[in-house]
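Take a look at the structure below.
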Amino acid sequence: MSTLLTFVPVAAALTVTPGVATALVIRSTLRGGRRAAFSTTLGNSAGVLAWALAAAIGVAAVVAASAAAFTAVKVAGAVVLLALGLHSLLTKHEPVALAAKPESGSAFRDGLVTSIANPKLAVFFVALFPQFVPEHHAALPFAVAMAAIIVAFDIVWYSTLAWLVGRARTAFTRGPWLRRTQRLTGCVLIGLGARLAVERR
């Protein structure tokens, strides 16, 4: 228990640091409201859990150690981010259309795919995971526990973010600000995708 408690501030820092998940949650809130944002958060959390389990069985270590595997996951992640960003930039949304919420499954899929296609999560778990597993203890329970801590922080933080963005969303739908914000989040996603594509480990 004491080992997991020391992991709590690490999980909190990981959650509140702006990144892909933050941009996706804002995008989902603007497009479909808090329900869509929550689905995106659940998808992202499922990806975190998948990487934690992969770290426990050694798959994440292979991705982190193999240049080819790391590059493949990195390119896939960059393509996904660029596609989402371009979609936000090029898709026109009228106020009436915004009232209809997109399918939660689509928001969940976006969160899951971008999380799975993020090689940084593999490196994160490989680099930090062993430090929080006591000697002579099974790795799997600690992997699940750490992932659960991250997921708990994610749900609280991104739900709060979605609520704040959702409060302003009504005002956005009556003027040009919604479209401008969507363009901004689209540019952020494209920027993150481009950085991931050219970034080294």
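Letters A, B, ... mark the chains of the structure tokens in the order given; residue numbers begin at 1 per chain; ligand numbers begin at 1, in order shown.
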Subject >> Neighbour list for Ala11 in chain A as a ChimeraX atom specification, cut-off 8 Å, only C-alpha atoms, skip fewer than 6 positions in-chain >> reply: /A:149-150,153
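Across A:Gly191, A:Gly58, A:Pro119, A:Gly111, the tightest approach to Leu24 in chain A is made by A:Gly111 when counting only C-alpha atoms.
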**OP:** Excluding Gly166 in chain A and any residue of its chain fewer than 2 positions from it, enumerate the residues within 9 Å of it, using only C-alpha atoms, and give them as a ChimeraX atom specification.
**Re:** /A:26,29-30,33-34,161-164,168-170
Subject >> Val48 in chain A surroundings by only C-alpha atoms, 10 Å radius, close-in-sequence under 6 positions cut, as an MDAnalysis selection string >> reply: chainID A and resid 42 54 112 115:116 118 121:122 125 144 146:148 150:151
Original post:
So which residues touch Ala152 in chain A within 12 Å, counting only C-alpha atoms, skipping near sequence neighbours fewer than 6 positions away, as a PyMOL selection string?
Top reply: chain A and resi 8+11-12+15+41-42+44-46+48-49+145-146+158-159
**OP:** Could you tell me how far CA of Thr160 in chain A lies from CA of Ser28 in chain A, in Å and to one decimal?
**Re:**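 According to the coordinates, CA of Thr160 in chain A and CA of Ser28 in chain A are separated by 13.6 Å.
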Subject >> Pairwise distance for CA of Thr40 in chain A and CA of Ala23 in chain A, rounded to one decimal in Å >> reply: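 That distance, rounded to one decimal, is 10.6 Å.
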Original post:
Between A:Trp157, A:Trp51, A:Phe124, A:Phe142, which one has atoms that come closest to Ala21 in chain A, using only C-alpha atoms?
Top reply: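 Going through A:Trp157, A:Trp51, A:Phe124, A:Phe142 one by one, the smallest distance to Ala21 in chain A is for A:Trp157.
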